[in-house]
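This is data37.cif (mmCIF, C-alpha atoms and all ligand atoms).
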```cif
data_query
loop_
_atom_site.label_atom_id
_atom_site.label_comp_id
_atom_site.auth_asym_id
_atom_site.auth_seq_id
_atom_site.Cartn_x
_atom_site.Cartn_y
_atom_site.Cartn_z
CA MET A 1 -97.59 168.54 -5.39
CA ILE A 2 -98.61 171.51 -3.28
CA THR A 3 -99.98 170.28 0.02
CA ALA A 4 -102.60 171.94 2.18
CA VAL A 5 -104.84 171.29 5.16
CA GLN A 6 -108.29 172.58 5.92
CA LYS A 7 -108.69 175.65 8.08
CA PRO A 8 -110.66 175.12 11.30
CA PHE A 9 -114.38 175.17 10.49
CA ASP A 10 -115.10 177.97 12.98
CA GLU A 11 -112.59 180.23 11.22
CA ILE A 12 -114.18 179.53 7.84
CA TYR A 13 -117.69 179.93 9.15
CA GLU A 14 -116.84 183.33 10.59
CA SER A 15 -115.32 184.36 7.24
CA VAL A 16 -118.41 183.41 5.24
CA SER A 17 -120.93 184.82 7.70
CA GLY A 18 -122.87 187.63 6.13
CA CYS A 19 -122.88 186.05 2.65
CA LYS A 20 -126.25 185.56 1.04
CA LYS A 21 -124.95 183.54 -1.90
CA LEU A 22 -121.83 181.46 -1.41
CA LEU A 23 -120.01 179.28 -3.93
CA VAL A 24 -117.81 176.58 -2.42
CA LEU A 25 -115.21 175.92 -5.12
CA GLY A 26 -112.83 172.96 -5.07
CA CYS A 27 -109.68 172.29 -7.04
CA GLY A 28 -109.20 168.97 -8.78
CA THR A 29 -105.44 168.67 -8.69
CA CYS A 30 -102.98 168.86 -5.74
CA VAL A 31 -105.49 169.54 -2.97
CA THR A 32 -107.67 166.69 -4.22
CA VAL A 33 -104.71 164.31 -3.92
CA CYS A 34 -103.98 165.49 -0.37
CA MET A 35 -107.70 165.25 0.46
CA ALA A 36 -108.13 168.86 1.54
CA GLY A 37 -110.03 170.65 -1.21
CA GLY A 38 -111.44 168.29 -3.85
CA GLU A 39 -115.03 167.48 -4.80
CA LYS A 40 -115.61 165.35 -1.70
CA GLU A 41 -114.36 168.07 0.65
CA VAL A 42 -116.44 170.70 -1.15
CA GLY A 43 -119.54 168.64 -0.39
CA GLU A 44 -118.53 168.23 3.23
CA PHE A 45 -117.82 171.93 3.72
CA ALA A 46 -121.06 172.95 2.03
CA SER A 47 -123.05 170.54 4.22
CA SER A 48 -121.36 171.76 7.40
CA ILE A 49 -122.09 175.38 6.53
CA ARG A 50 -125.72 174.53 5.71
CA LEU A 51 -126.09 172.74 9.05
CA ALA A 52 -124.53 175.63 10.97
CA ASN A 53 -126.77 178.11 9.15
CA LYS A 54 -129.84 176.05 10.01
CA LYS A 55 -128.82 175.96 13.65
CA ASN A 56 -128.22 179.72 13.66
CA GLY A 57 -131.34 180.55 11.65
CA LEU A 58 -129.31 182.10 8.81
CA ASP A 59 -130.48 182.30 5.23
CA MET A 60 -127.64 181.54 2.77
CA GLU A 61 -127.81 180.01 -0.71
CA ILE A 62 -124.87 177.68 -1.17
CA THR A 63 -123.73 176.25 -4.49
CA GLU A 64 -120.86 173.82 -5.05
CA ASP A 65 -118.43 173.07 -7.85
CA THR A 66 -114.93 171.77 -8.46
CA ILE A 67 -112.73 172.69 -11.39
CA GLU A 68 -109.62 170.98 -12.72
CA ARG A 69 -107.23 173.68 -11.47
CA GLN A 70 -107.72 177.10 -9.91
CA CYS A 71 -104.23 178.20 -10.95
CA ASP A 72 -105.07 178.22 -14.68
CA ARG A 73 -107.44 180.72 -16.25
CA GLU A 74 -109.04 178.37 -18.78
CA PHE A 75 -110.64 176.17 -16.13
CA PHE A 76 -112.68 179.04 -14.70
CA ASP A 77 -114.77 179.26 -17.87
CA ASP A 78 -117.10 176.48 -16.72
CA VAL A 79 -117.93 178.21 -13.42
CA LYS A 80 -117.86 181.84 -14.56
CA ALA A 81 -121.62 182.27 -14.20
CA LYS A 82 -121.67 180.70 -10.73
CA ILE A 83 -118.82 182.89 -9.52
CA GLU A 84 -120.38 186.05 -10.90
CA ASP A 85 -123.70 185.16 -9.28
CA ALA A 86 -122.20 184.58 -5.82
CA ASP A 87 -121.46 187.20 -3.15
CA ALA A 88 -118.29 185.34 -2.32
CA VAL A 89 -116.31 182.25 -3.25
CA LEU A 90 -114.99 179.91 -0.58
CA SER A 91 -111.99 178.54 -2.43
CA LEU A 92 -110.63 175.18 -1.37
CA ALA A 93 -107.53 175.61 -3.54
CA CYS A 94 -104.00 176.34 -2.39
CA GLY A 95 -102.95 179.97 -1.92
CA VAL A 96 -102.09 180.19 -5.61
CA GLY A 97 -105.59 179.19 -6.64
CA VAL A 98 -107.26 181.55 -4.18
CA GLN A 99 -105.22 184.50 -5.45
CA PHE A 100 -105.66 183.61 -9.09
CA CYS A 101 -109.42 183.31 -8.66
CA SER A 102 -109.36 186.83 -7.17
CA GLU A 103 -107.32 188.09 -10.11
CA VAL A 104 -109.57 186.55 -12.74
CA PHE A 105 -112.73 187.79 -11.03
CA GLN A 106 -111.74 191.28 -9.98
CA GLY A 107 -114.03 192.67 -7.33
CA LYS A 108 -115.21 189.24 -6.20
CA ARG A 109 -114.49 188.29 -2.61
CA VAL A 110 -112.53 185.02 -2.51
CA ILE A 111 -112.13 183.41 0.91
CA PRO A 112 -109.42 180.79 1.56
CA GLY A 113 -110.64 177.54 3.05
CA LEU A 114 -107.22 175.91 3.31
CA ASN A 115 -103.83 176.54 4.83
CA THR A 116 -101.19 175.84 2.19
CA LYS A 117 -98.24 173.93 3.64
CA PHE A 118 -95.41 172.83 1.32
CA TYR A 119 -94.26 171.02 -1.84
CA GLY A 120 -94.33 167.42 -0.84
CA THR A 121 -95.07 163.81 -1.55
CA THR A 122 -97.47 161.17 -0.24
CA LEU A 123 -95.58 158.76 2.02
CA GLU A 124 -98.61 156.63 2.77
CA MET A 125 -102.38 157.12 2.91
CA GLY A 126 -102.92 160.27 4.99
CA VAL A 127 -99.24 161.15 5.41
CA TRP A 128 -97.51 163.85 3.36
CA SER A 129 -93.95 165.03 3.72
CA GLU A 130 -92.04 168.08 2.49
CA ARG A 131 -89.44 167.58 -0.22
CA CYS A 132 -88.74 170.90 -1.95
CA ALA A 133 -88.68 174.57 -0.92
CA GLY A 134 -88.60 175.96 -4.47
CA CYS A 135 -85.15 177.51 -3.98
CA GLY A 136 -84.72 178.18 -7.71
CA ASP A 137 -81.25 176.60 -7.97
CA CYS A 138 -81.48 172.89 -7.34
CA VAL A 139 -78.55 171.26 -5.55
CA LEU A 140 -79.97 167.74 -5.29
CA GLU A 141 -77.24 166.32 -7.53
CA LYS A 142 -74.62 167.19 -4.91
CA PHE A 143 -76.45 165.53 -2.04
CA GLY A 144 -77.55 162.18 -3.39
CA GLY A 145 -80.99 163.45 -4.40
CA ILE A 146 -81.93 164.50 -0.86
CA CYS A 147 -82.65 168.18 -0.26
CA PRO A 148 -80.88 169.82 2.69
CA ILE A 149 -82.76 173.06 2.09
CA ALA A 150 -86.27 171.74 2.48
CA ARG A 151 -85.48 168.82 4.79
CA CYS A 152 -82.91 170.22 7.22
CA SER A 153 -84.68 172.34 9.84
CA LYS A 154 -81.90 174.91 9.47
CA SER A 155 -81.29 174.45 5.72
CA LEU A 156 -77.64 173.66 6.39
CA LEU A 157 -75.52 172.93 3.33
CA ASN A 158 -72.23 171.83 4.85
CA GLY A 159 -73.10 169.01 7.19
CA PRO A 160 -75.16 168.61 10.33
CA CYS A 161 -75.42 170.92 13.28
CA GLY A 162 -74.55 169.82 16.80
CA GLY A 163 -78.13 168.86 17.45
CA SER A 164 -78.06 165.77 15.25
CA GLN A 165 -78.37 162.72 17.55
CA ASP A 166 -78.83 159.09 16.53
CA GLY A 167 -79.96 160.15 13.08
CA LYS A 168 -82.68 162.42 14.43
CA CYS A 169 -83.15 166.19 14.23
CA GLU A 170 -83.06 168.13 17.48
CA VAL A 171 -86.10 170.15 16.42
CA ASP A 172 -88.32 167.07 16.84
CA PRO A 173 -86.37 163.84 17.46
CA GLU A 174 -89.56 161.79 17.54
CA ASN A 175 -90.71 162.76 14.08
CA ILE A 176 -87.90 164.30 12.05
CA ASP A 177 -84.90 162.46 10.65
CA CYS A 178 -81.70 164.50 10.50
CA VAL A 179 -81.45 164.96 6.76
CA TRP A 180 -77.67 164.97 7.03
CA GLN A 181 -77.77 161.40 8.29
CA LEU A 182 -79.95 160.52 5.28
CA ILE A 183 -77.55 162.31 2.93
CA PHE A 184 -74.51 160.62 4.48
CA ASP A 185 -76.09 157.17 4.18
CA ARG A 186 -77.16 157.76 0.58
CA MET A 187 -73.80 159.14 -0.51
CA LYS A 188 -72.11 156.17 1.13
CA ASP A 189 -74.37 153.77 -0.78
CA LEU A 190 -73.59 155.62 -4.00
CA GLY A 191 -69.85 155.49 -3.34
CA LEU A 192 -69.76 159.27 -3.39
CA LEU A 193 -68.90 160.07 0.23
CA SER A 194 -65.75 161.98 -0.76
CA ARG A 195 -67.92 164.60 -2.45
CA LEU A 196 -69.24 165.65 0.94
CA GLU A 197 -65.72 166.83 1.78
CA GLU A 198 -66.10 169.60 -0.78
CA ASN A 199 -67.11 172.90 0.74
CA GLU A 200 -70.51 174.03 -0.48
CA PRO A 201 -70.31 177.78 -1.14
CA VAL A 202 -72.71 180.20 0.49
CA LYS A 203 -75.98 179.87 -1.33
CA ASP A 204 -77.32 182.76 -3.34
CA TRP A 205 -80.82 182.83 -1.94
CA SER A 206 -81.92 185.44 -4.47
CA SER A 207 -82.77 182.59 -6.87
CA GLY A 208 -85.76 181.82 -4.64
CA ARG A 209 -88.04 183.76 -2.32
CA ASP A 210 -85.28 186.08 -1.09
CA GLY A 211 -85.03 187.55 -4.58
CA GLY A 212 -88.60 188.80 -4.38
CA PRO A 213 -91.70 187.35 -6.04
CA GLY A 214 -90.67 184.83 -8.66
CA LYS A 215 -91.47 185.02 -12.33
CA ILE A 216 -90.56 182.75 -15.25
CA VAL A 217 -90.52 184.18 -18.75
CA ARG A 218 -90.07 181.69 -21.61
CA GLU A 219 -89.84 183.82 -24.73
CA ASP A 220 -89.72 180.70 -26.89
CA MET A 221 -93.18 179.78 -25.59
CA MET A 222 -94.74 183.20 -25.96
CA LEU A 223 -97.12 184.00 -28.80
S1 LIG B 301 -82.40 172.14 -3.87
FE1 LIG B 301 -83.97 173.74 -4.13
S2 LIG B 301 -85.11 173.17 -6.00
FE2 LIG B 301 -83.90 171.37 -5.36
S3 LIG B 301 -85.32 170.15 -4.09
FE3 LIG B 301 -84.19 171.51 -2.69
S4 LIG B 301 -85.40 173.37 -2.48
FE4 LIG B 301 -86.20 172.23 -4.24
S1 LIG B 302 -80.29 168.03 13.48
FE1 LIG B 302 -79.90 167.65 11.29
S2 LIG B 302 -81.85 168.20 10.25
FE2 LIG B 302 -81.94 169.05 12.32
S3 LIG B 302 -81.23 171.14 12.09
FE3 LIG B 302 -79.43 169.90 12.66
S4 LIG B 302 -78.51 169.27 10.72
FE4 LIG B 302 -80.57 170.04 10.25
#
```

If you convert what's in this file into structure tokens, what do you get?
Amino acid sequence: MITAVQKPFDEIYESVSGCKKLLVLGCGTCVTVCMAGGEKEVGEFASSIRLANKKNGLDMEITEDTIERQCDREFFDDVKAKIEDADAVLSLACGVGVQFCSEVFQGKRVIPGLNTKFYGTTLEMGVWSERCAGCGDCVLEKFGGICPIARCSKSLLNGPCGGSQDGKCEVDPENIDCVWQLIFDRMKDLGLLSRLEENEPVKDWSSGRDGGPGKIVREDMML
């Protein structure tokens, strides 16, 4: 899933100041799972803004809603009237949802309430961890299913740097495992250690972000 965290309330409050009619809009998919922008958080944000407005003597009409996904056009149908009626939308979706809401409702101000972080997984309640950087040419098969691009701090593809100590990454030894230790251990378990002796060629980064904004065209799926 795409993970995100909430922006500091003061930053959001400054962004929405001046609105007379504000819609706080949640997203029911990834950011609900990572407890940043679902229905519950929409209610909390709306209440906090109402309280701050009361304290500051500001008059602002606030409505709330949450749709299934803000990255798909069809789900906006249910809240079209609310969006059109508002001065601005405080979107609690990831950056994709915020931008797509802006595209669907041209001319409407859409304010991000979250900071989008990474593609990751839930390790335990309240802990999420990065697993993929969307490089566009997956190499997991070569590294025992562990991604050196997303999980090595330097995205090294041919073994660890000199900063790997006791299985920990020099960038933050307290919190980050050296992914090359994880890869070594996994490949050993799989009986595939000899594959790590093969030189991994220089990666063509143009398959991902370095190739410019990504686009997928599936002609077989097009009408
Ligand atoms: S190799 Fe690329 S696509 Fe595969 S998990 Fe890593 S970043 Fe994601
Ligand atoms: S210590 Fe390991 S994870 Fe950290 S940058 Fe070096 S090789 Fe990558």

Expected selection as number ranges by chain for ligand LIG 302 (chain B) within 10 Å, only C-alpha atoms and all ligand atoms: A: 148-173, 176-182

Residues from the last selection, C-alpha atoms, saved as an mmCIF file, keeping the file's coordinate frame:
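Okay, this is what ended up in part_8.cif:
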```cif
data_model
loop_
_atom_site.group_PDB
_atom_site.id
_atom_site.type_symbol
_atom_site.label_atom_id
_atom_site.label_comp_id
_atom_site.auth_asym_id
_atom_site.auth_seq_id
_atom_site.Cartn_x
_atom_site.Cartn_y
_atom_site.Cartn_z
ATOM 1 C CA PRO A 148 -80.880 169.820 2.690
ATOM 2 C CA ILE A 149 -82.760 173.060 2.090
ATOM 3 C CA ALA A 150 -86.270 171.740 2.480
ATOM 4 C CA ARG A 151 -85.480 168.820 4.790
ATOM 5 C CA CYS A 152 -82.910 170.220 7.220
ATOM 6 C CA SER A 153 -84.680 172.340 9.840
ATOM 7 C CA LYS A 154 -81.900 174.910 9.470
ATOM 8 C CA SER A 155 -81.290 174.450 5.720
ATOM 9 C CA LEU A 156 -77.640 173.660 6.390
ATOM 10 C CA LEU A 157 -75.520 172.930 3.330
ATOM 11 C CA ASN A 158 -72.230 171.830 4.850
ATOM 12 C CA GLY A 159 -73.100 169.010 7.190
ATOM 13 C CA PRO A 160 -75.160 168.610 10.330
ATOM 14 C CA CYS A 161 -75.420 170.920 13.280
ATOM 15 C CA GLY A 162 -74.550 169.820 16.800
ATOM 16 C CA GLY A 163 -78.130 168.860 17.450
ATOM 17 C CA SER A 164 -78.060 165.770 15.250
ATOM 18 C CA GLN A 165 -78.370 162.720 17.550
ATOM 19 C CA ASP A 166 -78.830 159.090 16.530
ATOM 20 C CA GLY A 167 -79.960 160.150 13.080
ATOM 21 C CA LYS A 168 -82.680 162.420 14.430
ATOM 22 C CA CYS A 169 -83.150 166.190 14.230
ATOM 23 C CA GLU A 170 -83.060 168.130 17.480
ATOM 24 C CA VAL A 171 -86.100 170.150 16.420
ATOM 25 C CA ASP A 172 -88.320 167.070 16.840
ATOM 26 C CA PRO A 173 -86.370 163.840 17.460
ATOM 27 C CA ILE A 176 -87.900 164.300 12.050
ATOM 28 C CA ASP A 177 -84.900 162.460 10.650
ATOM 29 C CA CYS A 178 -81.700 164.500 10.500
ATOM 30 C CA VAL A 179 -81.450 164.960 6.760
ATOM 31 C CA TRP A 180 -77.670 164.970 7.030
ATOM 32 C CA GLN A 181 -77.770 161.400 8.290
ATOM 33 C CA LEU A 182 -79.950 160.520 5.280
#
```

Using only C-alpha atoms, find the one residue out of A:Cys101, A:Met60, A:Cys94, A:Ala86 that sits nearest to Asn115 in chain A. A:Cys94

Can I get the residues of chain A within 12 Å of ligand LIG 301 (chain B), each with the closest pair of atoms and their distance in Å to one decimal, using all atoms listed in the file, sorted chain first then ascending number, as a Markdown table?
```
| residue | atom | partner | partner_atom | distance |
| --- | --- | --- | --- | --- |
| A:Phe118 | CA | B:LIG301 | S4 | 10.7 |
| A:Tyr119 | CA | B:LIG301 | FE4 | 8.5 |
| A:Gly120 | CA | B:LIG301 | S3 | 10.0 |
| A:Thr121 | CA | B:LIG301 | S3 | 11.9 |
| A:Glu130 | CA | B:LIG301 | S3 | 9.6 |
| A:Arg131 | CA | B:LIG301 | S3 | 6.2 |
| A:Cys132 | CA | B:LIG301 | FE4 | 3.7 |
| A:Ala133 | CA | B:LIG301 | S4 | 3.8 |
| A:Gly134 | CA | B:LIG301 | FE4 | 4.4 |
| A:Cys135 | CA | B:LIG301 | FE1 | 4.0 |
| A:Gly136 | CA | B:LIG301 | S2 | 5.3 |
| A:Asp137 | CA | B:LIG301 | FE1 | 5.5 |
| A:Cys138 | CA | B:LIG301 | FE2 | 3.5 |
| A:Val139 | CA | B:LIG301 | S1 | 4.3 |
| A:Leu140 | CA | B:LIG301 | S1 | 5.2 |
| A:Glu141 | CA | B:LIG301 | S1 | 8.6 |
| A:Lys142 | CA | B:LIG301 | S1 | 9.3 |
| A:Phe143 | CA | B:LIG301 | S1 | 9.1 |
| A:Gly144 | CA | B:LIG301 | S1 | 11.1 |
| A:Gly145 | CA | B:LIG301 | S3 | 8.0 |
| A:Ile146 | CA | B:LIG301 | S3 | 7.3 |
| A:Cys147 | CA | B:LIG301 | FE3 | 4.4 |
| A:Pro148 | CA | B:LIG301 | FE3 | 6.5 |
| A:Ile149 | CA | B:LIG301 | FE3 | 5.2 |
| A:Ala150 | CA | B:LIG301 | S4 | 5.3 |
| A:Arg151 | CA | B:LIG301 | FE3 | 8.1 |
| A:Cys152 | CA | B:LIG301 | FE3 | 10.1 |
| A:Ser155 | CA | B:LIG301 | S4 | 9.2 |
| A:Leu156 | CA | B:LIG301 | FE3 | 11.4 |
| A:Leu157 | CA | B:LIG301 | S1 | 10.0 |
| A:Val179 | CA | B:LIG301 | FE3 | 11.8 |
| A:Lys203 | CA | B:LIG301 | S1 | 10.4 |
| A:Asp204 | CA | B:LIG301 | FE1 | 11.2 |
| A:Trp205 | CA | B:LIG301 | FE1 | 9.9 |
| A:Ser206 | CA | B:LIG301 | FE1 | 11.9 |
| A:Ser207 | CA | B:LIG301 | FE1 | 9.3 |
| A:Gly208 | CA | B:LIG301 | FE1 | 8.3 |
| A:Arg209 | CA | B:LIG301 | S4 | 10.7 |
```

To one decimal in Å, tell me the separation between CA of Ala81 in chain A and CA of Glu14 in chain A.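 Taking CA of Ala81 in chain A and CA of Glu14 in chain A, their separation equals 25.3 Å.
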
To one decimal in Å, tell me the separation between CA of Pro112 in chain A and CA of Val98 in chain A.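 Value for the CA of Pro112 in chain A-CA of Val98 in chain A distance: 6.2 Å.
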
Please report the interatomic distance between CA of Val42 in chain A and CA of Gly57 in chain A in Å with one decimal.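 Going from CA of Val42 in chain A over to CA of Gly57 in chain A covers 22.0 Å.
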
Calculated over only C-alpha atoms, which of the candidates A:Cys34, A:Ala46, A:Leu192, A:Leu22 has the smallest distance to Met125 in chain A? A:Cys34

For Lys80 in chain A, which residue among A:Asp189, A:Glu39, A:Val104, A:Ala93 is the nearest when counting only C-alpha atoms?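 That would be A:Val104, the residue with the smallest distance to Lys80 in chain A.
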
Best match for closeness to Lys108 in chain A among A:Ile12, A:Ile83, A:Ala4, A:Cys27, counting all atoms listed in the file: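 The answer is A:Ile83, which sits nearest to Lys108 in chain A.
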
Could you name the residues that touch Gly38 in chain A at 12 Å or less, counting all atoms listed in the file, but leaving out those on the same chain fewer than 3 positions away, as a ChimeraX atom specification? /A:4-6,24-35,41-45,64-70,91-94,113-114

For Gly126 in chain A, the nearest of the candidates A:Ser47, A:Thr3, A:Lys55, A:Glu174, counting all atoms listed in the file: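 Nearest candidate to Gly126 in chain A out of A:Ser47, A:Thr3, A:Lys55, A:Glu174: A:Thr3.
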
Which residue, A:Val110, A:Val16, A:Met187, A:Leu123, has the smallest gap to Ala52 in chain A when you use all atoms listed in the file? A:Val16

List the residues sitting within 12 Å of (-126.3, 181.8, 10.2) in the file's frame, using all atoms listed in the file, as a ChimeraX atom specification. /A:13-20,48-61

Using all atoms listed in the file, determine which residues lie at most 10 Å from Glu84 in chain A, disregarding the query and same-chain residues fewer than 4 positions distant; provide the list as an mmCIF file with C-alpha atoms, keeping the file's coordinate frame.
```cif
data_model
loop_
_atom_site.group_PDB
_atom_site.id
_atom_site.type_symbol
_atom_site.label_atom_id
_atom_site.label_comp_id
_atom_site.auth_asym_id
_atom_site.auth_seq_id
_atom_site.Cartn_x
_atom_site.Cartn_y
_atom_site.Cartn_z
ATOM 1 C CA LEU A 23 -120.010 179.280 -3.930
ATOM 2 C CA VAL A 79 -117.930 178.210 -13.420
ATOM 3 C CA LYS A 80 -117.860 181.840 -14.560
ATOM 4 C CA ALA A 88 -118.290 185.340 -2.320
ATOM 5 C CA VAL A 89 -116.310 182.250 -3.250
ATOM 6 C CA PHE A 105 -112.730 187.790 -11.030
ATOM 7 C CA GLY A 107 -114.030 192.670 -7.330
ATOM 8 C CA LYS A 108 -115.210 189.240 -6.200
#
```

Reconstruct range 138-162 of chain A at the level of N, CA and C atoms, and format the result as an mmCIF file, in the coordinates of the input.
```cif
data_model
loop_
_atom_site.group_PDB
_atom_site.id
_atom_site.type_symbol
_atom_site.label_atom_id
_atom_site.label_comp_id
_atom_site.auth_asym_id
_atom_site.auth_seq_id
_atom_site.Cartn_x
_atom_site.Cartn_y
_atom_site.Cartn_z
ATOM 1 N N CYS A 138 -81.447 174.214 -7.969
ATOM 2 C CA CYS A 138 -81.480 172.890 -7.340
ATOM 3 C C CYS A 138 -80.077 172.302 -7.116
ATOM 4 N N VAL A 139 -79.853 171.844 -5.899
ATOM 5 C CA VAL A 139 -78.550 171.260 -5.550
ATOM 6 C C VAL A 139 -78.654 169.757 -5.249
ATOM 7 N N LEU A 140 -79.756 169.154 -5.629
ATOM 8 C CA LEU A 140 -79.970 167.740 -5.290
ATOM 9 C C LEU A 140 -78.837 166.838 -5.788
ATOM 10 N N GLU A 141 -78.277 167.178 -6.937
ATOM 11 C CA GLU A 141 -77.240 166.320 -7.530
ATOM 12 C C GLU A 141 -76.041 166.176 -6.591
ATOM 13 N N LYS A 142 -75.787 167.213 -5.802
ATOM 14 C CA LYS A 142 -74.620 167.190 -4.910
ATOM 15 C C LYS A 142 -74.861 166.409 -3.634
ATOM 16 N N PHE A 143 -76.126 166.129 -3.340
ATOM 17 C CA PHE A 143 -76.450 165.530 -2.040
ATOM 18 C C PHE A 143 -77.248 164.229 -2.178
ATOM 19 N N GLY A 144 -76.946 163.500 -3.237
ATOM 20 C CA GLY A 144 -77.550 162.180 -3.390
ATOM 21 C C GLY A 144 -79.058 162.242 -3.606
ATOM 22 N N GLY A 145 -79.552 163.351 -4.128
ATOM 23 C CA GLY A 145 -80.990 163.450 -4.400
ATOM 24 C C GLY A 145 -81.821 163.725 -3.157
ATOM 25 N N ILE A 146 -81.194 164.186 -2.093
ATOM 26 C CA ILE A 146 -81.930 164.500 -0.860
ATOM 27 C C ILE A 146 -81.704 165.982 -0.557
ATOM 28 N N CYS A 147 -82.754 166.716 -0.339
ATOM 29 C CA CYS A 147 -82.650 168.180 -0.260
ATOM 30 C C CYS A 147 -82.363 168.683 1.160
ATOM 31 N N PRO A 148 -81.183 169.266 1.365
ATOM 32 C CA PRO A 148 -80.880 169.820 2.690
ATOM 33 C C PRO A 148 -81.579 171.145 2.941
ATOM 34 N N ILE A 149 -82.086 171.764 1.894
ATOM 35 C CA ILE A 149 -82.760 173.060 2.090
ATOM 36 C C ILE A 149 -84.154 172.856 2.652
ATOM 37 N N ALA A 150 -84.893 171.970 2.015
ATOM 38 C CA ALA A 150 -86.270 171.740 2.480
ATOM 39 C C ALA A 150 -86.313 170.791 3.681
ATOM 40 N N ARG A 151 -85.332 169.902 3.800
ATOM 41 C CA ARG A 151 -85.480 168.820 4.790
ATOM 42 C C ARG A 151 -84.569 168.938 6.002
ATOM 43 N N CYS A 152 -83.655 169.908 5.990
ATOM 44 C CA CYS A 152 -82.910 170.220 7.220
ATOM 45 C C CYS A 152 -83.661 171.381 7.861
ATOM 46 N N SER A 153 -83.919 171.282 9.156
ATOM 47 C CA SER A 153 -84.680 172.340 9.840
ATOM 48 C C SER A 153 -83.973 173.676 9.777
ATOM 49 N N LYS A 154 -82.656 173.646 9.555
ATOM 50 C CA LYS A 154 -81.900 174.910 9.470
ATOM 51 C C LYS A 154 -81.363 175.156 8.067
ATOM 52 N N SER A 155 -81.750 174.335 7.120
ATOM 53 C CA SER A 155 -81.290 174.450 5.720
ATOM 54 C C SER A 155 -79.761 174.521 5.634
ATOM 55 N N LEU A 156 -79.106 173.664 6.391
ATOM 56 C CA LEU A 156 -77.640 173.660 6.390
ATOM 57 C C LEU A 156 -77.108 172.925 5.158
ATOM 58 N N LEU A 157 -76.060 173.494 4.571
ATOM 59 C CA LEU A 157 -75.520 172.930 3.330
ATOM 60 C C LEU A 157 -74.148 172.301 3.476
ATOM 61 N N ASN A 158 -73.570 172.385 4.661
ATOM 62 C CA ASN A 158 -72.230 171.830 4.850
ATOM 63 C C ASN A 158 -72.169 170.883 6.045
ATOM 64 N N GLY A 159 -73.115 169.991 6.115
ATOM 65 C CA GLY A 159 -73.100 169.010 7.190
ATOM 66 C C GLY A 159 -74.031 169.371 8.327
ATOM 67 N N PRO A 160 -74.173 168.425 9.263
ATOM 68 C CA PRO A 160 -75.160 168.610 10.330
ATOM 69 C C PRO A 160 -74.722 169.602 11.394
ATOM 70 N N CYS A 161 -75.693 170.093 12.114
ATOM 71 C CA CYS A 161 -75.420 170.920 13.280
ATOM 72 C C CYS A 161 -75.142 170.010 14.479
ATOM 73 N N GLY A 162 -74.852 170.607 15.618
ATOM 74 C CA GLY A 162 -74.550 169.820 16.800
ATOM 75 C C GLY A 162 -75.755 169.145 17.416
#
```
